[in-house]
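Have a look at start_10.csv below; it lists CSV, C-alpha atoms and all ligand atoms.
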chain,number,residue,atom,x,y,z
A,116,MET,CA,-31.2,44.8,-114.9
A,117,GLU,CA,-31.9,44.7,-118.6
A,118,ARG,CA,-29.7,47.1,-120.6
A,119,LYS,CA,-31.0,49.5,-123.2
A,120,ASN,CA,-29.8,48.7,-126.7
A,121,ILE,CA,-29.0,50.7,-129.9
A,122,ARG,CA,-30.6,49.4,-133.1
A,123,ILE,CA,-28.4,49.9,-136.1
A,124,ALA,CA,-28.6,49.1,-139.9
A,125,VAL,CA,-25.6,48.7,-142.0
A,126,ILE,CA,-25.4,49.6,-145.7
A,127,GLY,CA,-22.7,47.4,-147.1
A,128,VAL,CA,-21.6,44.2,-145.3
A,129,GLY,CA,-17.9,44.5,-146.2
A,130,ASN,CA,-14.8,44.3,-144.1
A,131,CYS,CA,-15.5,47.4,-142.0
A,132,ALA,CA,-19.0,46.1,-141.1
A,133,SER,CA,-17.5,42.7,-140.4
A,134,SER,CA,-15.0,44.1,-137.9
A,135,LEU,CA,-17.7,46.2,-136.3
A,136,ILE,CA,-20.1,43.3,-135.9
A,137,GLN,CA,-17.3,41.0,-134.6
A,138,GLY,CA,-16.4,43.7,-132.2
A,139,ILE,CA,-19.9,44.1,-130.8
A,140,HIS,CA,-19.8,40.4,-129.9
A,141,TYR,CA,-16.2,40.3,-128.8
A,142,TYR,CA,-16.8,43.1,-126.2
A,143,ARG,CA,-20.3,42.0,-125.2
A,144,ASP,CA,-19.4,40.0,-122.1
A,145,ARG,CA,-16.2,41.6,-121.2
A,146,GLY,CA,-15.9,44.1,-118.3
A,147,ALA,CA,-14.2,47.4,-118.6
A,148,GLU,CA,-10.8,46.1,-117.3
A,149,GLU,CA,-10.7,43.3,-119.9
A,150,CYS,CA,-11.5,45.6,-122.9
A,151,ILE,CA,-8.4,46.1,-124.9
A,152,GLY,CA,-8.6,48.5,-127.9
A,153,LEU,CA,-11.5,50.7,-127.1
A,154,LEU,CA,-11.4,54.5,-127.1
A,155,ASN,CA,-14.3,54.5,-124.6
A,156,TYR,CA,-15.9,51.6,-122.7
A,157,GLU,CA,-19.1,53.6,-122.1
A,158,ILE,CA,-20.7,56.5,-124.0
A,159,GLY,CA,-23.9,57.9,-122.6
A,160,GLY,CA,-24.2,54.7,-120.5
A,161,TYR,CA,-24.0,52.5,-123.6
A,162,GLN,CA,-21.4,49.7,-123.9
A,163,PRO,CA,-20.2,48.2,-127.2
A,164,GLY,CA,-22.3,45.1,-126.6
A,165,ASP,CA,-25.5,47.2,-126.4
A,166,ILE,CA,-25.4,47.7,-130.2
A,167,GLU,CA,-27.7,45.4,-132.1
A,168,VAL,CA,-27.7,45.0,-135.9
A,169,VAL,CA,-31.4,44.9,-137.0
A,170,ALA,CA,-31.1,45.4,-140.7
A,171,ALA,CA,-28.3,45.1,-143.3
A,172,PHE,CA,-28.1,45.8,-147.1
A,173,ASP,CA,-25.7,44.5,-149.7
A,174,ILE,CA,-25.7,43.7,-153.4
A,175,ASP,CA,-23.4,40.7,-153.5
A,176,LYS,CA,-25.0,37.3,-154.2
A,177,ARG,CA,-22.8,35.6,-151.5
A,178,LYS,CA,-24.4,37.9,-148.9
A,179,VAL,CA,-27.9,38.8,-149.9
A,180,GLY,CA,-30.4,36.5,-148.1
A,181,VAL,CA,-27.8,35.2,-145.7
A,182,ASP,CA,-27.8,35.8,-141.9
A,183,VAL,CA,-25.8,39.0,-141.4
A,184,ASN,CA,-23.5,37.2,-138.8
A,185,GLU,CA,-22.6,34.7,-141.5
A,186,ALA,CA,-22.4,37.2,-144.3
A,187,VAL,CA,-19.7,39.2,-142.6
A,188,PHE,CA,-17.3,36.3,-143.3
A,189,ALA,CA,-18.3,35.8,-147.0
A,190,LEU,CA,-16.0,36.8,-149.9
A,191,PRO,CA,-14.7,39.2,-151.0
A,192,ASN,CA,-14.3,40.1,-147.3
A,193,CYS,CA,-10.7,39.3,-146.2
A,194,THR,CA,-10.2,41.1,-142.9
A,195,THR,CA,-8.8,39.3,-139.8
A,196,VAL,CA,-11.3,37.2,-138.0
A,197,PHE,CA,-10.9,38.0,-134.3
A,198,CYS,CA,-14.4,36.8,-133.2
A,199,GLY,CA,-15.4,34.0,-135.6
A,200,ASP,CA,-18.0,32.3,-133.4
A,201,LEU,CA,-21.0,34.5,-134.0
A,202,PRO,CA,-24.5,33.2,-133.1
A,203,ALA,CA,-27.2,33.4,-135.9
A,204,SER,CA,-28.7,36.9,-135.6
A,205,GLY,CA,-32.0,36.2,-137.3
A,206,VAL,CA,-31.4,39.2,-139.5
A,207,LYS,CA,-31.0,38.4,-143.2
A,208,VAL,CA,-29.0,40.7,-145.5
A,209,SER,CA,-31.5,42.5,-147.8
A,210,MET,CA,-30.8,43.4,-151.4
A,211,GLY,CA,-29.6,47.0,-151.6
A,212,LYS,CA,-29.9,49.7,-154.2
A,213,VAL,CA,-27.0,49.4,-156.7
A,214,LEU,CA,-26.7,52.8,-158.5
A,215,ASP,CA,-23.0,53.7,-158.4
A,216,GLY,CA,-22.2,51.3,-155.5
A,217,TYR,CA,-20.9,48.8,-158.0
A,218,SER,CA,-17.9,49.3,-160.2
A,219,GLU,CA,-17.4,47.1,-163.3
A,220,HIS,CA,-13.7,47.8,-163.6
A,221,MET,CA,-13.1,45.2,-160.9
A,222,ALA,CA,-14.6,42.4,-163.0
A,223,ASN,CA,-11.3,40.9,-164.1
A,224,PHE,CA,-9.7,40.5,-160.7
A,225,GLY,CA,-11.3,37.2,-159.7
A,226,ASP,CA,-14.3,36.2,-157.6
A,227,ASP,CA,-12.6,36.4,-154.3
A,228,ARG,CA,-11.7,40.1,-155.0
A,229,THR,CA,-14.7,41.7,-156.5
A,230,PHE,CA,-18.5,42.0,-156.0
A,231,LEU,CA,-20.8,39.4,-157.6
A,232,LEU,CA,-24.0,41.3,-158.3
A,233,SER,CA,-27.1,39.6,-156.9
A,234,SER,CA,-30.0,39.1,-159.3
A,235,GLU,CA,-32.6,39.9,-156.5
A,236,ALA,CA,-34.9,42.8,-157.3
A,237,GLU,CA,-33.6,46.2,-156.0
A,238,PRO,CA,-35.7,48.0,-153.3
A,239,SER,CA,-37.3,51.3,-153.9
A,240,GLN,CA,-36.8,54.2,-151.5
A,241,ALA,CA,-40.2,53.4,-150.0
A,242,ASP,CA,-39.2,49.8,-149.4
A,243,VAL,CA,-36.0,50.8,-147.6
A,244,VAL,CA,-37.8,53.4,-145.5
A,245,ASP,CA,-40.4,50.9,-144.6
A,246,GLN,CA,-37.9,48.3,-143.5
A,247,LEU,CA,-35.9,50.9,-141.4
A,248,LYS,CA,-39.1,51.9,-139.7
A,249,LYS,CA,-40.3,48.4,-139.0
A,250,ALA,CA,-37.0,47.4,-137.7
A,251,GLY,CA,-37.0,50.4,-135.4
A,252,VAL,CA,-33.5,51.5,-136.6
A,253,ASP,CA,-31.9,54.3,-134.5
A,254,VAL,CA,-28.7,54.7,-136.5
A,255,LEU,CA,-28.0,54.0,-140.2
A,256,MET,CA,-24.3,53.3,-140.9
A,257,ASN,CA,-23.1,54.0,-144.5
A,258,TYR,CA,-20.3,51.6,-145.6
A,259,LEU,CA,-20.7,51.9,-149.4
A,260,PRO,CA,-17.6,51.7,-151.6
A,261,VAL,CA,-15.6,55.0,-152.1
A,262,GLY,CA,-17.1,56.9,-155.1
A,263,SER,CA,-20.8,55.9,-154.4
A,264,GLN,CA,-22.2,59.4,-154.6
A,265,LYS,CA,-25.7,58.5,-155.9
A,266,ALA,CA,-26.1,55.4,-153.7
A,267,THR,CA,-25.1,57.4,-150.6
A,268,GLU,CA,-27.6,60.1,-151.5
A,269,PHE,CA,-30.3,57.4,-151.9
A,270,TYR,CA,-29.7,56.1,-148.4
A,271,ALA,CA,-29.3,59.6,-146.9
A,272,GLU,CA,-32.8,60.3,-148.3
A,273,CYS,CA,-34.0,57.1,-146.6
A,274,ALA,CA,-32.6,58.1,-143.3
A,275,LEU,CA,-34.3,61.5,-143.5
A,276,GLU,CA,-37.6,59.9,-144.3
A,277,ALA,CA,-37.4,57.1,-141.7
A,278,GLY,CA,-36.1,59.4,-139.0
A,279,CYS,CA,-32.8,57.5,-138.4
A,280,ALA,CA,-29.6,59.2,-137.4
A,281,PHE,CA,-27.1,58.8,-140.2
A,282,VAL,CA,-23.3,58.1,-139.9
A,283,ASN,CA,-21.5,58.6,-143.1
A,284,ASN,CA,-18.3,56.6,-142.9
A,285,ILE,CA,-17.2,57.2,-146.5
A,286,PRO,CA,-15.8,60.2,-148.4
A,287,VAL,CA,-19.0,61.3,-150.2
A,288,PHE,CA,-19.8,64.8,-148.9
A,289,ILE,CA,-23.1,64.8,-147.0
A,290,ALA,CA,-22.5,66.2,-143.5
A,291,SER,CA,-20.0,68.6,-145.1
A,292,ASN,CA,-22.3,69.6,-147.9
A,293,PRO,CA,-24.3,72.6,-146.6
A,294,GLU,CA,-27.5,71.7,-148.6
A,295,TRP,CA,-27.6,68.2,-147.2
A,296,ALA,CA,-26.6,69.4,-143.7
A,297,GLN,CA,-29.5,71.8,-143.9
A,298,ARG,CA,-31.9,69.1,-144.8
A,299,PHE,CA,-30.9,67.1,-141.7
A,300,GLU,CA,-31.2,70.2,-139.6
A,301,ALA,CA,-34.7,70.9,-141.0
A,302,ARG,CA,-35.8,67.4,-140.2
A,303,HIS,CA,-34.1,67.5,-136.8
A,304,ILE,CA,-32.2,64.3,-137.5
A,305,PRO,CA,-28.6,63.8,-136.4
A,306,ILE,CA,-25.8,63.3,-138.9
A,307,ILE,CA,-22.2,62.4,-138.1
A,308,GLY,CA,-19.6,62.6,-141.0
A,309,ASP,CA,-17.9,62.6,-143.4
A,310,ASP,CA,-15.3,59.8,-143.9
A,311,ILE,CA,-14.3,57.9,-140.8
A,312,LYS,CA,-10.9,58.7,-139.4
A,313,ALA,CA,-9.4,55.4,-138.3
A,314,GLN,CA,-8.4,54.7,-134.6
A,315,LEU,CA,-4.7,54.8,-135.3
A,316,GLY,CA,-4.7,55.4,-139.0
A,317,ALA,CA,-2.8,57.4,-141.6
A,318,THR,CA,-4.8,60.6,-141.0
A,319,ILE,CA,-4.6,60.9,-137.3
A,320,VAL,CA,-0.9,60.1,-137.3
A,321,HIS,CA,-0.2,62.6,-140.1
A,322,ARG,CA,-2.3,65.3,-138.3
A,323,THR,CA,-0.5,64.6,-135.0
A,324,LEU,CA,2.9,65.0,-136.6
A,325,GLY,CA,1.8,68.1,-138.4
A,326,ASN,CA,0.7,69.5,-135.0
A,327,LEU,CA,4.1,68.6,-133.6
A,328,PHE,CA,5.9,70.5,-136.3
A,329,LYS,CA,3.6,73.5,-135.5
A,330,LYS,CA,4.2,73.3,-131.8
A,331,ARG,CA,8.0,72.9,-132.2
A,332,GLY,CA,8.3,75.8,-134.6
A,333,VAL,CA,9.5,73.7,-137.6
A,334,LYS,CA,8.4,75.0,-141.0
A,335,LEU,CA,6.9,72.1,-143.0
A,336,GLU,CA,7.7,72.5,-146.6
A,337,ARG,CA,6.7,69.3,-148.3
A,338,THR,CA,4.9,66.1,-147.4
A,339,TYR,CA,3.4,62.9,-148.8
A,340,GLN,CA,1.3,60.1,-147.5
A,341,LEU,CA,1.2,57.0,-149.6
A,342,ASN,CA,-1.1,54.1,-148.8
A,343,THR,CA,-1.2,50.5,-150.2
A,344,GLY,CA,-3.6,47.7,-149.4
A,345,GLY,CA,-5.2,44.6,-150.8
A,346,ASN,CA,-8.9,44.8,-149.8
A,347,THR,CA,-11.8,45.6,-152.1
A,348,ASP,CA,-11.6,49.2,-151.0
A,349,PHE,CA,-8.1,49.5,-152.6
A,350,LEU,CA,-9.2,47.5,-155.6
A,351,ASN,CA,-12.2,49.8,-156.1
A,352,MET,CA,-9.9,52.8,-155.9
A,353,LEU,CA,-7.8,51.7,-158.9
A,354,ASN,CA,-10.5,53.4,-160.8
A,355,ARG,CA,-9.2,56.9,-160.4
A,356,GLU,CA,-12.6,58.5,-161.2
A,357,ARG,CA,-14.0,57.1,-157.9
A,358,LEU,CA,-11.1,58.6,-156.0
A,359,ALA,CA,-11.5,62.3,-156.2
A,360,SER,CA,-13.5,63.0,-153.0
A,361,LYS,CA,-11.4,60.5,-151.1
A,362,LYS,CA,-8.2,62.4,-152.0
A,363,GLU,CA,-9.8,65.7,-151.2
A,364,SER,CA,-11.0,64.4,-147.8
A,365,LYS,CA,-7.6,63.0,-146.8
A,366,THR,CA,-5.7,66.0,-148.1
A,367,GLU,CA,-7.9,68.5,-146.3
A,368,ALA,CA,-7.6,66.5,-143.1
A,369,VAL,CA,-3.8,66.9,-143.2
A,370,GLN,CA,-3.8,70.5,-144.5
A,371,ALA,CA,-6.0,71.5,-141.5
A,372,ALA,CA,-3.5,70.3,-139.0
A,373,ILE,CA,-0.1,71.5,-140.3
A,374,PRO,CA,1.7,74.8,-139.6
A,375,GLN,CA,0.5,76.5,-142.7
A,376,ARG,CA,-1.3,75.3,-145.8
A,377,LEU,CA,0.9,73.9,-148.5
A,378,GLU,CA,0.6,74.6,-152.2
A,379,ALA,CA,-0.8,71.6,-154.1
A,380,GLU,CA,2.5,70.6,-155.6
A,381,ASN,CA,4.0,70.2,-152.1
A,382,ILE,CA,1.5,67.9,-150.6
A,383,HIS,CA,0.5,64.5,-151.9
A,384,VAL,CA,-1.9,62.4,-149.8
A,385,GLY,CA,-4.0,59.5,-151.0
A,386,PRO,CA,-4.5,55.8,-151.7
A,387,SER,CA,-1.6,54.8,-153.9
A,388,ASP,CA,-1.8,51.2,-155.0
A,389,TYR,CA,-3.6,47.9,-154.8
A,390,VAL,CA,-1.4,45.0,-153.6
A,391,PRO,CA,-3.6,41.9,-153.6
A,392,TRP,CA,-1.5,39.8,-151.1
A,393,GLN,CA,-1.8,42.6,-148.5
A,394,ASN,CA,-5.5,41.8,-148.1
A,395,ASP,CA,-6.9,44.0,-145.4
A,396,ASN,CA,-3.5,45.1,-144.2
A,397,LYS,CA,-2.9,48.7,-145.0
A,398,VAL,CA,0.6,50.1,-145.1
A,399,CYS,CA,1.1,53.9,-145.0
A,400,PHE,CA,4.3,55.8,-145.8
A,401,ILE,CA,4.6,59.4,-144.6
A,402,ARG,CA,7.5,61.8,-145.4
A,403,MET,CA,7.7,65.3,-144.0
A,404,GLU,CA,10.4,67.7,-145.0
A,405,GLY,CA,10.9,70.9,-143.0
A,406,LYS,CA,13.3,73.6,-141.8
A,407,LEU,CA,14.2,74.0,-138.2
A,408,PHE,CA,16.5,76.4,-136.3
A,409,GLY,CA,18.8,78.4,-138.5
A,410,ASP,CA,16.8,77.4,-141.6
A,411,VAL,CA,18.5,74.0,-141.5
A,412,ALA,CA,16.8,71.1,-143.3
A,413,MET,CA,15.3,68.1,-141.6
A,414,ASN,CA,13.1,65.2,-142.7
A,415,LEU,CA,11.0,62.5,-141.1
A,416,GLU,CA,9.9,59.1,-142.6
A,417,LEU,CA,7.4,56.9,-141.0
A,418,ARG,CA,5.9,53.5,-141.9
A,419,LEU,CA,2.6,52.5,-140.4
A,420,SER,CA,1.1,49.0,-140.8
A,421,VAL,CA,-2.5,48.4,-139.6
A,422,GLU,CA,-5.3,46.0,-140.3
A,423,ASP,CA,-7.7,48.5,-141.9
A,424,SER,CA,-11.1,47.4,-140.8
A,425,PRO,CA,-10.7,46.8,-137.1
A,426,ASN,CA,-9.0,50.2,-137.2
A,427,SER,CA,-12.2,51.7,-138.6
A,428,ALA,CA,-14.5,49.7,-136.3
A,429,GLY,CA,-12.7,51.0,-133.2
A,430,VAL,CA,-14.1,54.4,-134.2
A,431,ALA,CA,-17.4,53.3,-135.5
A,432,ILE,CA,-18.2,51.7,-132.2
A,433,ASP,CA,-18.1,55.3,-130.7
A,434,THR,CA,-19.9,57.2,-133.5
A,435,ILE,CA,-22.9,54.9,-133.2
A,436,ARG,CA,-23.1,55.6,-129.5
A,437,CYS,CA,-22.7,59.3,-130.0
A,438,ALA,CA,-25.5,59.2,-132.7
A,439,LYS,CA,-27.8,57.5,-130.2
A,440,VAL,CA,-27.0,59.9,-127.5
A,441,ALA,CA,-27.7,62.8,-129.9
A,442,LEU,CA,-31.1,61.3,-130.6
A,443,GLU,CA,-31.8,61.0,-126.8
A,444,ARG,CA,-30.7,64.7,-126.4
A,445,ASN,CA,-33.1,65.6,-129.1
A,446,MET,CA,-30.3,67.1,-131.2
A,447,GLY,CA,-30.6,67.4,-135.0
A,448,GLY,CA,-28.4,68.4,-137.9
A,449,ILE,CA,-24.6,68.2,-137.8
A,450,ILE,CA,-23.3,66.7,-134.6
A,451,GLU,CA,-20.2,68.7,-134.5
A,452,ILE,CA,-17.7,67.3,-132.0
A,453,PRO,CA,-18.0,63.6,-132.9
A,454,SER,CA,-17.9,64.6,-136.6
A,455,ALA,CA,-14.7,66.5,-136.0
A,456,PHE,CA,-13.0,64.0,-133.8
A,457,PHE,CA,-14.1,60.8,-135.6
A,458,CYS,CA,-14.1,61.9,-139.3
A,459,LYS,CA,-11.6,63.2,-141.8
A,460,HIS,CA,-14.0,65.6,-143.6
A,461,PRO,CA,-16.3,67.2,-141.0
A,462,PRO,CA,-18.2,70.4,-141.8
A,463,ARG,CA,-15.7,72.2,-139.6
A,464,GLN,CA,-12.1,71.0,-138.8
A,465,ILE,CA,-11.2,71.3,-135.1
A,466,PRO,CA,-7.8,70.4,-133.8
A,467,ASP,CA,-7.9,66.8,-132.4
A,468,ASP,CA,-6.8,67.8,-128.9
A,469,GLU,CA,-9.6,70.3,-128.7
A,470,SER,CA,-12.3,68.0,-130.1
A,471,TYR,CA,-11.1,65.2,-127.8
A,472,ALA,CA,-11.3,67.3,-124.7
A,473,THR,CA,-14.9,68.4,-125.6
A,474,LEU,CA,-15.9,64.9,-126.4
A,475,MET,CA,-14.7,63.6,-123.1
A,476,GLU,CA,-16.4,66.5,-121.3
A,477,GLU,CA,-19.7,66.5,-123.0
A,478,TRP,CA,-20.2,63.1,-124.5
A,479,VAL,CA,-18.5,60.4,-122.5
B,1,LIG,O1,-6.3,55.7,-142.0
B,1,LIG,P1,-7.2,56.8,-142.2
B,1,LIG,O2,-6.6,57.9,-143.1
B,1,LIG,O3,-7.8,57.4,-141.0
B,1,LIG,O4,-8.4,56.2,-143.1
B,1,LIG,C1,-9.0,55.1,-142.7
B,1,LIG,C2,-10.4,54.8,-143.3
B,1,LIG,O5,-10.7,55.5,-144.5
B,1,LIG,C3,-11.9,55.2,-145.1
B,1,LIG,O6,-12.1,56.1,-146.1
B,1,LIG,C4,-11.8,53.8,-145.5
B,1,LIG,O7,-13.0,53.4,-146.2
B,1,LIG,C5,-11.7,52.9,-144.3
B,1,LIG,O8,-11.6,51.5,-144.7
B,1,LIG,C6,-10.4,53.3,-143.5
B,1,LIG,O9,-10.4,52.6,-142.3
Would you encode the structure as structure tokens?
Amino acid sequence: MERKNIRIAVIGVGNCASSLIQGIHYYRDRGAEECIGLLNYEIGGYQPGDIEVVAAFDIDKRKVGVDVNEAVFALPNCTTVFCGDLPASGVKVSMGKVLDGYSEHMANFGDDRTFLLSSEAEPSQADVVDQLKKAGVDVLMNYLPVGSQKATEFYAECALEAGCAFVNNIPVFIASNPEWAQRFEARHIPIIGDDIKAQLGATIVHRTLGNLFKKRGVKLERTYQLNTGGNTDFLNMLNRERLASKKESKTEAVQAAIPQRLEAENIHVGPSDYVPWQNDNKVCFIRMEGKLFGDVAMNLELRLSVEDSPNSAGVAIDTIRCAKVALERNMGGIIEIPSAFFCKHPPRQIPDDESYATLMEEWV
């Protein structure tokens, strides 16, 4: 029997898109029992291999005009290749809209690190909408660099006009901005966001530990979460101006899951430094200081090391399927449970255990 598929478009063919596309192929011919590393084998009857990339946008000359299954391995991508043998997809990467999706401060870090801007003409909104409609896109995945406020708004407009569900993987506030949320609601188009919460990443670990302090009656007094990495995301974030919403998103995600809100001087959460040789490996250091029985001090230190982009794709593979199911259920506006469980900055924070239970009950 022929399986139904989910047609997606990706904005930004960087490391996260690379891991996602490799994953679609990696899991395609594997049965449930052979699938290591998935949160869910099926969502709404869809398996990971049912996802098909039908359009892709980027601004780098090494990627624009190239088959998307080849572009995912082009520099400056540097993530682990776990499925290198991708067949040609027949979908060429289209030139995207640049706006603030490109940051010149990276220019001195060498060609294998930064973007090399393509000289192809940029599309208008009408061009992108037309392309999305012609390709029959169900779900538009936003993978622009952190700090791309204008470019994200451009593509969110395109999703609204083309009638595609929008998954906002980055910390620009769209789903969690009431005006934007209202526009998706009014057009009855599903949106999941904002800012993807990795499969076993810094945020979910920090939130889980915060919850543990809460359940065990330990007063949390101070905490930090420092992160280092060597991919283009970390390089981009050396520009502190691009970082504001990312810091807010990550900090809020932790504040929402600890015993009581901490004053700003007692909580420090964010990307910390760019270490080129780390490539796509992200290392996170968490420290939590608290008081337990008898007001006696304790502290906890943790080091987490993950490959950043497969860690993101492990969640994206589920948000895409939830977005498609939302379309089938004729839901529009904020898709609350997937946004809360899969994203760091949803419109409403819900404890992870709660959103997980509802997700399993109502979506899987
Ligand atoms: O590890 P965390 O805190 O869940 O964050 C992970 C994700 O955060 C996103 O903002 C990054 O762009 C992703 O690359 C990353 O995977």
Around ligand LIG 1 (chain B), which protein and nucleic acid residues have at least one atom no more than 8 Å from it, if we count only C-alpha atoms and all ligand atoms? List them as a PDB file with C-alpha atoms, in the coordinates of the input.
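Below is the file that was written, selection-v1.pdb:
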ATOM      1  CA  ASN A 130     -14.800  44.300-144.100  1.00  0.00           C
ATOM      2  CA  CYS A 131     -15.500  47.400-142.000  1.00  0.00           C
ATOM      3  CA  TYR A 258     -20.300  51.600-145.600  1.00  0.00           C
ATOM      4  CA  PRO A 260     -17.600  51.700-151.600  1.00  0.00           C
ATOM      5  CA  VAL A 261     -15.600  55.000-152.100  1.00  0.00           C
ATOM      6  CA  ASN A 284     -18.300  56.600-142.900  1.00  0.00           C
ATOM      7  CA  ILE A 285     -17.200  57.200-146.500  1.00  0.00           C
ATOM      8  CA  PRO A 286     -15.800  60.200-148.400  1.00  0.00           C
ATOM      9  CA  ASP A 310     -15.300  59.800-143.900  1.00  0.00           C
ATOM     10  CA  ILE A 311     -14.300  57.900-140.800  1.00  0.00           C
ATOM     11  CA  LYS A 312     -10.900  58.700-139.400  1.00  0.00           C
ATOM     12  CA  ALA A 313      -9.400  55.400-138.300  1.00  0.00           C
ATOM     13  CA  GLN A 314      -8.400  54.700-134.600  1.00  0.00           C
ATOM     14  CA  LEU A 315      -4.700  54.800-135.300  1.00  0.00           C
ATOM     15  CA  GLY A 316      -4.700  55.400-139.000  1.00  0.00           C
ATOM     16  CA  ALA A 317      -2.800  57.400-141.600  1.00  0.00           C
ATOM     17  CA  THR A 318      -4.800  60.600-141.000  1.00  0.00           C
ATOM     18  CA  ILE A 319      -4.600  60.900-137.300  1.00  0.00           C
ATOM     19  CA  ASP A 348     -11.600  49.200-151.000  1.00  0.00           C
ATOM     20  CA  LYS A 361     -11.400  60.500-151.100  1.00  0.00           C
ATOM     21  CA  LYS A 365      -7.600  63.000-146.800  1.00  0.00           C
ATOM     22  CA  ASP A 423      -7.700  48.500-141.900  1.00  0.00           C
ATOM     23  CA  SER A 424     -11.100  47.400-140.800  1.00  0.00           C
ATOM     24  CA  PRO A 425     -10.700  46.800-137.100  1.00  0.00           C
ATOM     25  CA  ASN A 426      -9.000  50.200-137.200  1.00  0.00           C
ATOM     26  CA  SER A 427     -12.200  51.700-138.600  1.00  0.00           C
ATOM     27  CA  ALA A 428     -14.500  49.700-136.300  1.00  0.00           C
ATOM     28  CA  CYS A 458     -14.100  61.900-139.300  1.00  0.00           C
ATOM     29  CA  LYS A 459     -11.600  63.200-141.800  1.00  0.00           C
TER      30      LYS A 459
END
**Prompt:** Hey, can you check how far CA of Asn414 in chain A sits from CA of Gly344 in chain A?
**Reply:** 25.1 Å
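Nearest-residue note for His303 in chain A: choosing from A:Gly180, A:Gly160, A:Gly325, A:Gly447, the minimum distance belongs to A:Gly447, counting all atoms listed in the file.
The space between CA of Arg118 in chain A and CA of Thr473 in chain A spans 26.4 Å.
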May I have a table of the residues of range 298-403 of chain A lying at most 12 Å from range 209-218 of chain A, giving each one's closest pair of atoms and their distance in Å to one decimal, counting all atoms listed in the file, ordered by chain and ascending residue number, as CSV?
residue,atom,partner,partner_atom,distance
A:Thr347,CA,A:Ser218,CA,10.8
A:Asp348,CA,A:Ser218,CA,11.2
A:Leu350,CA,A:Ser218,CA,10.0
A:Asn351,CA,A:Ser218,CA,7.0
A:Met352,CA,A:Ser218,CA,9.7
A:Leu353,CA,A:Ser218,CA,10.5
A:Asn354,CA,A:Ser218,CA,8.5
A:Arg355,CA,A:Ser218,CA,11.6
A:Glu356,CA,A:Ser218,CA,10.7
A:Arg357,CA,A:Ser218,CA,9.0
**Item:** Close residues, Val252 in chain A itself excluded, 10 Å, all atoms listed in the file, min 3 positions apart in chain, as a ChimeraX atom specification
**Value:** /A:121-125,167-170,246-249,255,274,277-280
**Which of A:Ser360, A:Ile174, A:Val430, A:Phe328 sits closest to Ser234 in chain A [using all atoms listed in the file]** = A:Ile174
**Request:** Tell me which of A:Ile435, A:Val287, A:Leu419, A:Ile158 sits closest to Lys362 in chain A, counting all atoms listed in the file.
**Result:** A:Val287
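Minimum distance to Asn326 in chain A across A:Glu294, A:Glu157, A:Glu149, A:Asp468 (counting only C-alpha atoms) occurs at A:Asp468.
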